[in-house]
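Structure file structure11.cif (mmCIF, C-alpha atoms) follows.
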```cif
data_final
#
loop_
_atom_site.label_atom_id
_atom_site.label_comp_id
_atom_site.auth_asym_id
_atom_site.auth_seq_id
_atom_site.Cartn_x
_atom_site.Cartn_y
_atom_site.Cartn_z
CA MET A 238 9.65 -64.22 6.64
CA ALA A 239 9.40 -60.45 6.93
CA ARG A 240 6.59 -58.18 5.83
CA VAL A 241 8.09 -55.06 4.25
CA LEU A 242 5.89 -51.97 3.93
CA CYS A 243 7.29 -49.52 1.39
CA VAL A 244 5.87 -46.01 0.90
CA LEU A 245 6.76 -44.36 -2.42
CA TYR A 246 5.37 -41.44 -4.39
CA ASP A 247 2.78 -41.81 -7.13
CA ASP A 248 3.68 -42.72 -10.70
CA PRO A 249 3.72 -39.95 -13.35
CA VAL A 250 0.29 -38.71 -14.37
CA ASP A 251 0.79 -40.22 -17.84
CA GLY A 252 1.85 -43.59 -16.46
CA TYR A 253 5.14 -45.29 -15.67
CA PRO A 254 7.79 -44.35 -18.30
CA ARG A 255 8.39 -46.70 -21.20
CA SER A 256 11.51 -44.80 -22.25
CA TYR A 257 13.80 -42.14 -20.82
CA ALA A 258 15.47 -38.97 -22.03
CA ARG A 259 18.92 -40.55 -21.77
CA ASP A 260 20.17 -44.09 -22.29
CA GLY A 261 22.00 -44.46 -19.00
CA LEU A 262 23.96 -42.84 -16.19
CA PRO A 263 27.60 -41.76 -15.94
CA LYS A 264 29.61 -44.29 -13.95
CA LEU A 265 30.84 -43.07 -10.57
CA ASP A 266 33.65 -44.92 -8.81
CA ARG A 267 33.09 -43.46 -5.34
CA TYR A 268 31.77 -40.42 -3.51
CA PRO A 269 33.90 -37.29 -3.03
CA GLY A 270 36.16 -37.95 -0.08
CA GLY A 271 36.58 -41.61 -0.90
CA GLN A 272 33.48 -43.28 0.62
CA THR A 273 32.34 -46.17 -1.52
CA LEU A 274 28.97 -46.14 -3.21
CA PRO A 275 26.31 -48.63 -2.02
CA THR A 276 27.55 -52.19 -2.41
CA PRO A 277 24.64 -54.64 -2.46
CA LYS A 278 25.42 -58.15 -3.65
CA ALA A 279 23.23 -57.53 -6.71
CA ILE A 280 20.54 -55.23 -8.07
CA ASP A 281 17.39 -56.07 -10.03
CA PHE A 282 16.89 -52.72 -11.76
CA VAL A 283 18.36 -50.68 -14.58
CA PRO A 284 20.21 -47.59 -13.28
CA GLY A 285 18.55 -44.48 -14.69
CA SER A 286 15.02 -45.85 -14.43
CA LEU A 287 12.30 -44.38 -12.22
CA LEU A 288 12.65 -46.33 -8.98
CA GLY A 289 11.19 -43.97 -6.39
CA SER A 290 7.58 -44.20 -7.54
CA VAL A 291 5.11 -46.98 -6.76
CA SER A 292 5.72 -48.98 -9.94
CA GLY A 293 9.50 -48.69 -9.53
CA GLU A 294 9.33 -50.40 -6.11
CA LEU A 295 12.97 -49.39 -5.48
CA GLY A 296 13.81 -52.47 -7.53
CA LEU A 297 13.20 -54.63 -4.45
CA ARG A 298 10.36 -57.02 -5.27
CA THR A 299 12.36 -59.75 -7.01
CA TYR A 300 14.98 -59.84 -4.25
CA LEU A 301 12.48 -59.86 -1.40
CA GLU A 302 10.07 -62.40 -2.83
CA ARG A 303 12.88 -64.70 -3.96
CA ASN A 304 13.94 -64.84 -0.32
CA GLY A 305 10.45 -65.53 0.99
CA HIS A 306 9.55 -62.03 2.17
CA GLN A 307 6.42 -60.01 1.39
CA LEU A 308 6.49 -56.53 -0.11
CA VAL A 309 3.61 -54.06 0.10
CA VAL A 310 4.11 -50.82 -1.85
CA THR A 311 1.77 -47.84 -1.57
CA ALA A 312 1.62 -44.08 -2.01
CA ASP A 313 -1.39 -43.85 0.32
CA LYS A 314 0.34 -42.83 3.54
CA ASP A 315 -1.73 -40.23 5.38
CA GLY A 316 -4.92 -40.33 7.39
CA PRO A 317 -6.51 -43.05 9.55
CA ASN A 318 -7.92 -44.93 6.56
CA SER A 319 -4.72 -44.94 4.51
CA VAL A 320 -3.14 -48.15 3.24
CA PHE A 321 -0.08 -47.34 5.34
CA GLU A 322 -2.14 -47.10 8.52
CA ARG A 323 -3.91 -50.39 7.77
CA GLU A 324 -0.75 -52.30 6.91
CA LEU A 325 1.47 -50.93 9.65
CA PRO A 326 0.41 -53.32 12.49
CA ASP A 327 1.74 -56.30 10.50
CA ALA A 328 4.91 -54.66 9.21
CA ASP A 329 8.36 -55.85 10.30
CA ILE A 330 10.16 -53.24 8.17
CA VAL A 331 9.03 -49.83 6.93
CA ILE A 332 10.77 -48.11 4.01
CA SER A 333 10.00 -44.48 3.24
CA GLN A 334 11.52 -41.53 1.41
CA PRO A 335 12.04 -37.93 2.57
CA PHE A 336 10.27 -36.76 -0.59
CA TRP A 337 7.02 -38.56 0.31
CA PRO A 338 7.50 -39.28 4.00
CA ALA A 339 5.50 -41.83 5.93
CA TYR A 340 5.37 -40.01 9.26
CA LEU A 341 6.25 -42.62 11.88
CA THR A 342 4.87 -40.88 14.94
CA ALA A 343 5.03 -42.29 18.46
CA GLU A 344 1.34 -43.15 18.10
CA ARG A 345 1.94 -45.08 14.89
CA ILE A 346 4.95 -46.85 16.36
CA GLY A 347 2.72 -47.89 19.23
CA LYS A 348 0.41 -49.57 16.71
CA ALA A 349 3.29 -51.50 15.11
CA PRO A 350 4.39 -54.19 17.60
CA LYS A 351 6.35 -56.13 14.96
CA LEU A 352 8.27 -53.15 13.60
CA LYS A 353 12.03 -53.55 14.05
CA LEU A 354 13.60 -51.59 11.18
CA ALA A 355 12.77 -48.22 9.59
CA ILE A 356 14.76 -47.39 6.46
CA THR A 357 14.94 -43.98 4.81
CA ALA A 358 15.57 -44.43 1.09
CA GLY A 359 17.53 -41.21 0.93
CA ILE A 360 18.89 -38.85 3.58
CA GLY A 361 16.95 -37.37 6.49
CA SER A 362 15.06 -39.52 8.99
CA ASP A 363 13.21 -36.78 10.84
CA HIS A 364 9.89 -38.25 9.69
CA VAL A 365 10.59 -41.00 12.24
CA ASP A 366 10.06 -40.18 15.91
CA LEU A 367 13.61 -41.03 16.93
CA SER A 368 12.84 -40.95 20.64
CA ALA A 369 10.01 -43.46 20.17
CA ALA A 370 12.23 -45.60 17.95
CA MET A 371 14.86 -45.73 20.70
CA ALA A 372 12.29 -46.58 23.34
CA ASN A 373 10.85 -49.41 21.24
CA GLY A 374 14.10 -50.98 20.08
CA ILE A 375 13.63 -50.00 16.43
CA THR A 376 16.70 -49.62 14.25
CA VAL A 377 16.63 -46.56 11.98
CA ALA A 378 18.91 -46.38 8.96
CA GLU A 379 19.32 -44.14 5.93
CA VAL A 380 21.46 -44.19 2.80
CA THR A 381 23.93 -41.52 3.85
CA TYR A 382 25.60 -39.55 1.02
CA CYS A 383 23.48 -41.19 -1.71
CA ASN A 384 22.02 -37.87 -2.91
CA SER A 385 24.17 -35.24 -1.21
CA ILE A 386 25.70 -34.01 -4.47
CA SER A 387 22.27 -34.11 -6.13
CA VAL A 388 20.99 -31.69 -3.49
CA ALA A 389 24.08 -29.51 -3.69
CA GLU A 390 23.57 -29.10 -7.45
CA HIS A 391 19.93 -28.17 -6.81
CA VAL A 392 20.99 -25.51 -4.29
CA VAL A 393 23.36 -23.87 -6.76
CA MET A 394 20.65 -23.94 -9.45
CA MET A 395 18.16 -22.27 -7.10
CA ILE A 396 20.61 -19.58 -5.99
CA LEU A 397 21.34 -18.66 -9.60
CA GLY A 398 17.64 -18.88 -10.49
CA LEU A 399 16.64 -16.47 -7.73
CA VAL A 400 19.44 -13.95 -8.12
CA ARG A 401 19.21 -13.86 -11.93
CA ASN A 402 15.37 -13.80 -11.82
CA TYR A 403 15.26 -16.81 -14.11
CA ILE A 404 11.76 -18.19 -13.50
CA PRO A 405 9.81 -14.94 -14.18
CA SER A 406 11.97 -14.33 -17.26
CA HIS A 407 11.17 -17.78 -18.61
CA GLN A 408 7.49 -17.18 -17.97
CA TRP A 409 7.56 -14.08 -20.18
CA VAL A 410 8.77 -16.28 -23.04
CA VAL A 411 6.01 -18.81 -22.40
CA LYS A 412 3.45 -16.00 -22.42
CA GLY A 413 4.77 -14.77 -25.79
CA GLY A 414 6.48 -11.65 -24.50
CA TRP A 415 9.87 -10.02 -24.90
CA ASN A 416 9.73 -8.02 -21.69
CA ILE A 417 13.42 -7.37 -21.06
CA ALA A 418 12.87 -4.57 -18.54
CA ASP A 419 10.47 -6.68 -16.50
CA CYS A 420 13.00 -9.51 -16.47
CA VAL A 421 16.11 -7.56 -15.50
CA ALA A 422 14.49 -5.24 -12.96
CA ARG A 423 15.14 -7.94 -10.33
CA SER A 424 18.23 -9.57 -11.89
CA TYR A 425 21.72 -9.38 -10.36
CA ASP A 426 25.10 -11.12 -10.62
CA VAL A 427 26.21 -13.45 -7.84
CA GLU A 428 29.82 -12.37 -8.38
CA GLY A 429 31.04 -10.57 -5.28
CA MET A 430 28.05 -11.55 -3.15
CA THR A 431 28.51 -13.19 0.25
CA VAL A 432 26.92 -16.60 0.64
CA GLY A 433 26.66 -18.51 3.90
CA THR A 434 25.61 -22.07 4.61
CA VAL A 435 23.87 -23.17 7.78
CA ALA A 436 25.73 -26.47 8.28
CA ALA A 437 28.74 -27.51 6.27
CA GLY A 438 28.45 -31.26 6.19
CA ARG A 439 28.53 -33.19 2.95
CA ILE A 440 25.86 -31.06 1.26
CA GLY A 441 26.83 -27.67 2.67
CA LEU A 442 30.51 -28.12 1.86
CA ALA A 443 29.68 -29.38 -1.63
CA VAL A 444 27.61 -26.21 -2.18
CA LEU A 445 30.52 -24.01 -1.09
CA ARG A 446 32.92 -25.85 -3.40
CA ARG A 447 30.58 -25.34 -6.34
CA LEU A 448 30.07 -21.64 -5.61
CA ALA A 449 33.75 -20.81 -5.16
CA PRO A 450 34.38 -20.48 -8.95
CA PHE A 451 31.64 -17.81 -9.07
CA ASP A 452 33.92 -15.56 -6.98
CA MET A 453 31.46 -15.37 -4.12
CA LYS A 454 32.63 -14.76 -0.55
CA LEU A 455 32.06 -17.98 1.38
CA HIS A 456 30.85 -18.18 5.00
CA TYR A 457 29.56 -21.06 7.11
CA THR A 458 28.32 -22.12 10.52
CA ASP A 459 28.27 -25.66 11.86
CA ARG A 460 28.29 -27.56 15.14
CA HIS A 461 31.58 -29.09 14.00
CA ARG A 462 34.16 -26.68 12.60
CA LEU A 463 35.83 -27.74 9.37
CA PRO A 464 39.56 -28.53 9.30
CA GLU A 465 41.80 -25.50 8.98
CA SER A 466 43.12 -26.84 5.68
CA VAL A 467 39.61 -26.76 4.16
CA GLU A 468 38.93 -23.25 5.49
CA ARG A 469 42.21 -22.09 3.96
CA GLU A 470 41.61 -23.88 0.63
CA LEU A 471 38.19 -22.22 0.10
CA ASN A 472 38.91 -19.01 2.02
CA LEU A 473 35.98 -19.74 4.36
CA THR A 474 34.81 -17.52 7.20
CA PHE A 475 33.45 -19.45 10.19
CA HIS A 476 30.66 -18.21 12.48
CA ALA A 477 29.68 -19.78 15.78
CA SER A 478 25.94 -19.64 15.00
CA ALA A 479 23.43 -18.84 12.31
CA ALA A 480 22.52 -15.68 14.21
CA ASP A 481 26.15 -14.55 13.96
CA MET A 482 26.42 -15.37 10.27
CA VAL A 483 23.25 -14.22 8.52
CA PRO A 484 23.72 -10.42 8.96
CA HIS A 485 26.84 -10.71 6.76
CA CYS A 486 25.23 -12.61 3.88
CA ASP A 487 23.50 -11.73 0.64
CA VAL A 488 22.54 -15.39 0.18
CA VAL A 489 21.90 -17.99 2.87
CA THR A 490 21.50 -21.70 2.14
CA ILE A 491 20.20 -24.11 4.76
CA ASN A 492 21.78 -27.56 4.73
CA ALA A 493 21.19 -28.72 8.31
CA PRO A 494 19.18 -31.70 9.59
CA LEU A 495 15.89 -31.02 11.35
CA HIS A 496 16.01 -31.52 15.10
CA PRO A 497 14.82 -29.49 18.11
CA GLU A 498 17.74 -27.06 17.78
CA THR A 499 16.99 -26.15 14.16
CA GLU A 500 13.19 -26.30 14.12
CA ASN A 501 11.72 -22.83 13.45
CA LEU A 502 15.25 -21.37 13.35
CA PHE A 503 14.43 -18.95 10.53
CA ASN A 504 11.60 -17.02 12.10
CA ALA A 505 10.69 -13.33 11.95
CA ARG A 506 13.31 -12.42 14.54
CA LEU A 507 16.24 -14.04 12.73
CA ILE A 508 15.05 -12.95 9.29
CA SER A 509 14.90 -9.34 10.54
CA THR A 510 18.68 -9.47 11.14
CA MET A 511 19.42 -10.45 7.54
CA ARG A 512 20.39 -7.88 4.93
CA ARG A 513 17.36 -6.35 3.25
CA GLY A 514 16.96 -8.08 -0.08
CA ALA A 515 18.83 -11.24 0.92
CA TYR A 516 17.97 -14.57 -0.67
CA LEU A 517 17.20 -17.72 1.31
CA VAL A 518 17.41 -21.27 -0.08
CA ASN A 519 16.19 -24.24 1.93
CA THR A 520 16.66 -27.79 0.67
CA ALA A 521 17.03 -29.17 4.20
CA ARG A 522 13.62 -29.41 5.91
CA GLY A 523 10.58 -27.16 5.75
CA LYS A 524 10.17 -26.86 9.52
CA ILE A 525 13.55 -25.14 9.85
CA CYS A 526 11.76 -22.06 8.48
CA ASN A 527 8.63 -20.53 9.93
CA ARG A 528 6.03 -20.88 7.20
CA ASP A 529 4.17 -17.61 7.73
CA ASP A 530 7.24 -15.53 8.57
CA ILE A 531 8.88 -16.50 5.27
CA ALA A 532 5.80 -15.41 3.30
CA ALA A 533 5.61 -12.12 5.24
CA ALA A 534 9.30 -11.37 4.63
CA LEU A 535 8.84 -11.81 0.88
CA ARG A 536 5.80 -9.54 0.85
CA SER A 537 7.64 -6.82 2.83
CA GLY A 538 10.82 -7.03 0.76
CA GLN A 539 13.03 -8.08 3.67
CA LEU A 540 13.74 -11.18 1.60
CA ALA A 541 14.21 -10.71 -2.15
CA GLY A 542 13.59 -14.38 -2.84
CA TYR A 543 13.03 -17.77 -1.26
CA ALA A 544 13.55 -21.11 -2.95
CA GLY A 545 13.65 -24.69 -1.86
CA ASP A 546 11.98 -28.00 -2.30
CA VAL A 547 11.18 -28.91 1.30
CA TRP A 548 7.81 -28.18 2.87
CA PHE A 549 5.88 -29.11 5.97
CA PRO A 550 3.90 -31.21 5.76
CA GLN A 551 4.73 -33.14 2.61
CA PRO A 552 2.85 -33.11 0.33
CA ALA A 553 1.87 -29.54 1.11
CA PRO A 554 -1.84 -28.66 1.22
CA GLN A 555 -3.16 -26.66 -1.74
CA ASP A 556 -3.56 -23.58 0.47
CA HIS A 557 0.02 -23.63 1.75
CA PRO A 558 1.21 -19.99 1.52
CA TRP A 559 4.51 -20.98 -0.10
CA ARG A 560 2.62 -21.94 -3.24
CA THR A 561 1.46 -18.37 -3.85
CA MET A 562 3.88 -16.03 -2.03
CA PRO A 563 5.79 -13.55 -4.24
CA HIS A 564 9.32 -14.06 -5.57
CA HIS A 565 9.62 -17.74 -4.75
CA GLY A 566 11.24 -20.60 -6.63
CA MET A 567 9.68 -23.58 -4.87
CA THR A 568 9.57 -27.09 -6.29
CA PRO A 569 8.17 -30.33 -4.87
CA HIS A 570 10.76 -32.23 -2.84
CA ILE A 571 12.87 -33.36 -5.80
CA SER A 572 16.42 -32.16 -5.14
CA GLY A 573 17.60 -35.57 -3.92
CA SER A 574 15.44 -37.75 -6.14
CA SER A 575 17.00 -37.35 -9.56
CA LEU A 576 17.21 -40.57 -11.57
CA SER A 577 20.93 -40.55 -10.80
CA ALA A 578 20.28 -40.36 -7.06
CA GLN A 579 17.55 -42.99 -7.20
CA ALA A 580 19.99 -45.61 -8.49
CA ARG A 581 22.16 -44.98 -5.43
CA TYR A 582 19.47 -44.85 -2.78
CA ALA A 583 17.73 -47.94 -4.19
CA ALA A 584 21.03 -49.83 -4.13
CA GLY A 585 21.73 -48.56 -0.61
CA THR A 586 18.30 -49.67 0.60
CA ARG A 587 18.98 -53.15 -0.74
CA GLU A 588 22.39 -53.17 0.94
CA ILE A 589 20.77 -52.32 4.28
CA LEU A 590 18.17 -55.07 3.82
CA GLU A 591 20.84 -57.64 2.91
CA CYS A 592 22.76 -56.78 6.08
CA TRP A 593 19.60 -56.98 8.19
CA PHE A 594 18.42 -60.35 6.88
CA GLU A 595 21.91 -61.87 6.93
CA GLN A 596 22.58 -60.47 10.42
CA ARG A 597 25.66 -58.63 9.24
CA PRO A 598 26.64 -55.20 10.61
CA MET A 599 25.41 -52.21 8.63
CA ARG A 600 27.79 -49.45 7.71
CA GLU A 601 28.21 -46.99 10.55
CA GLU A 602 27.41 -44.13 8.20
CA TYR A 603 23.97 -45.64 7.50
CA LEU A 604 22.91 -45.97 11.13
CA ILE A 605 20.75 -43.33 12.82
CA VAL A 606 19.34 -45.31 15.76
CA ASP A 607 20.69 -48.66 16.94
CA GLY A 608 20.46 -50.49 20.24
CA GLY A 609 18.19 -47.89 21.80
CA LYS A 610 20.42 -44.86 21.15
CA LEU A 611 21.60 -42.54 18.40
CA ALA A 612 24.34 -44.23 16.42
CA GLY A 613 26.63 -43.76 13.44
CA ALA A 614 25.64 -40.78 11.31
CA GLY A 615 22.73 -40.16 13.68
CA ALA A 616 25.02 -39.50 16.63
CA HIS A 617 26.76 -36.81 14.58
CA SER A 618 23.73 -35.17 12.97
CA TYR A 619 20.63 -35.68 15.10
CA THR A 620 19.22 -34.83 18.48
CA ALA A 621 16.61 -37.14 19.95
CA GLY A 622 13.21 -35.56 19.37
CA ASP A 623 9.93 -35.62 17.49
CA ALA A 624 9.32 -33.78 14.23
CA THR A 625 6.76 -36.21 12.86
CA GLY A 626 3.45 -34.38 13.18
CA GLY A 627 1.63 -33.29 10.05
CA SER A 628 0.24 -36.45 8.53
CA GLY A 629 -3.29 -35.12 8.93
CA GLU A 630 -2.38 -31.92 7.07
CA ALA A 631 -0.71 -33.93 4.32
CA ALA A 632 -3.90 -35.94 3.91
CA ALA A 633 -5.63 -32.68 3.04
CA PHE A 634 -3.54 -32.49 -0.14
CA LYS A 635 -5.13 -35.61 -1.59
CA ARG A 636 -8.62 -34.49 -0.57
CA SER A 637 -8.16 -31.11 -2.27
CA LYS A 638 -6.88 -32.45 -5.60
#
```
Please re-express this file's structure in structure tokens.
Amino acid sequence: MARVLCVLYDDPVDGYPRSYARDGLPKLDRYPGGQTLPTPKAIDFVPGSLLGSVSGELGLRTYLERNGHQLVVTADKDGPNSVFERELPDADIVISQPFWPAYLTAERIGKAPKLKLAITAGIGSDHVDLSAAMANGITVAEVTYCNSISVAEHVVMMILGLVRNYIPSHQWVVKGGWNIADCVARSYDVEGMTVGTVAAGRIGLAVLRRLAPFDMKLHYTDRHRLPESVERELNLTFHASAADMVPHCDVVTINAPLHPETENLFNARLISTMRRGAYLVNTARGKICNRDDIAAALRSGQLAGYAGDVWFPQPAPQDHPWRTMPHHGMTPHISGSSLSAQARYAAGTREILECWFEQRPMREEYLIVDGGKLAGAGAHSYTAGDATGGSGEAAAFKRSK
């Protein structure tokens, strides 16, 4: 019997939904590129329902309890008196989401002698101290590709929202105005602009493909250069580093994993090399950007806009400067947690659990750490390190509400 500790975000303020805006989800046969969608033996949820909150339970309770396992689900994840902290010493498996991360620090791993598997229900396992996981024989897995297109769509929406000044224009309507001059004084077309992505993996490349019909000039940088056929198809310009690329761009989108090489990458020095009035979109991880330098660049006008849905820590304290800085389009971390994406990452989480309990190999693309070293997708995307601090700051969010 395993004790599974699952950390999910709170239910809606009006309670768990009794109905939904739509009756179902479009059926997808496979991901772009041919990779199959998650293939658990069965699911115990209705696709299109809210699975990522506490009452949704990722649709796992029936499966786990039917097989003799225990499931503990909580949203209380931060601080020494949290449910997560109290339950962790007895947990064999921890499941968390990037949107509401349970920070598995080295200290917390040290308090969890039974812990053998950490699953990210989504993409991005930087909330787990990967070095400590390797040292303690913990397998780390995530549901690679489950919400890549969801995030890519969110990036395109945010780029258009910033450049066209959508959010302030909508607010004039809400306030009862018809202030056309105020709306268009910061509104431009993306046509002809140069956009560059920091990293061109599944998300970054999907963003470029979706922006190509807007007649934007497409640039990218990545540790692994794309095939020549793809560069030719999309007329891509490659740069060896972000520092080489950003001076050429009107819009920069960050789609890289967080690791020691990308942490604090967009600081005052790098931002100063960008074109004055450039736009920056970050749906990757908050710590890739320097919190205070971003706010200062918006106040000075070096950046014309900043949007994203990733913060550090998560949830962000009420006094986080990104909540109040000018010309921003921030959202909570929602880009990869649409109801469409939730059906995939819940199914993928169950697939990982089935493989674990039945002692079958997991898909290589799901593995981040295995056998004491980076593995699978992790070997391609991650560097061993620690980006897990911040749980104490996140606890301040709940205290300030």
Inset, instruction - Output the residue selection produced by the PyMOL selection byres ((chain A and resi 446) around 12) on the file above, formatted as a VMD selection string. - result: chain A and resid 269 386 389 to 390 392 to 393 432 434 437 to 445 447 to 456 467 to 468 470 to 473
Inset, instruction - Go ahead and compute the interatomic distance for atom CA of Arg600 of chain A and atom CA of His570 of chain A, in Å to one decimal. - result: 26.4 Å
Legend entry - Atomic separation - atom CA of Asn384 of chain A relative to atom CA of Trp548 of chain A, Å: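 Distance between the two atoms: 18.1 Å.
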Legend entry - Nearest residue to Tyr382 of chain A from the set A:Ser406, A:Gln272, A:Ser575, A:Gln539 (distances using all atoms listed in the file):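 Of A:Ser406, A:Gln272, A:Ser575, A:Gln539, the one nearest Tyr382 of chain A, counting all atoms listed in the file, is A:Gln272.
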Inset, instruction - Please evaluate the PyMOL selection byres ((chain A and resi 501) around 10) against the structure above and give the resulting residues as a list in words. - result: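 Written out, the selection comes to Leu495, His496, Pro497, Glu498, Thr499, Glu500, Leu502, Phe503, Asn504, Ala505, Leu507, Gly523, Lys524, Ile525, Cys526, Asn527, Arg528 and Asp530 of chain A.
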Inset, instruction - Rank A:Leu245, A:Leu287, A:Leu576, A:Ile356 by their smallest atom-to-atom distance to Glu588 of chain A, using only C-alpha atoms, and report the top residue only. - result: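 Closest to Glu588 of chain A, using only C-alpha atoms: A:Ile356.
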Inset, instruction - Calculate how many Å separate atom CA of Asp315 of chain A from atom CA of Ala339 of chain A, rounding to one decimal. - result: 7.4 Å
Inset, instruction - Decode the PyMOL selection byres ((chain A and resi 367) around 12) for the given file into explicit residues and return them as a PyMOL selection string. - result: chain A and resi 340-343+346+355+361-366+368-378+495-497+605-607+609-612+615-616+619-625
Please determine an axis-aligned box that encloses all atoms of segment 374-388 of chain A listed in the file, with 8 Å added on each side, and express its centre and edge lengths in Å to one decimal as JSON.
```
{"center_x": 19.7, "center_y": -41.3, "center_z": 7.0, "size_x": 28.1, "size_y": 35.3, "size_z": 42.2}
```
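For the residues A:Val388, A:Met511, A:Val410, A:Ile332, ranking by smallest atom-to-atom distance to Arg587 of chain A using only C-alpha atoms places A:Ile332 first.
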Inset, instruction - May I ask which of the residues A:Lys348, A:Tyr582, A:Asn402, A:Leu535 is the closest one to Ala422 of chain A, counting all atoms listed in the file? - result: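 Of all the options, A:Asn402 lies closest to Ala422 of chain A.
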Inset, instruction - Considering only C-alpha atoms, state which residue in the set A:Val483, A:Val411, A:Ile404, A:Ile571 is at the smallest distance from Gly542 of chain A. - result: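 For Gly542 of chain A, the nearest of the given residues is A:Ile404.
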Legend entry - A:Val250, A:Thr299, A:Thr276, A:Arg240 ranked by distance to Asp329 of chain A, top pick (using only C-alpha atoms): A:Arg240
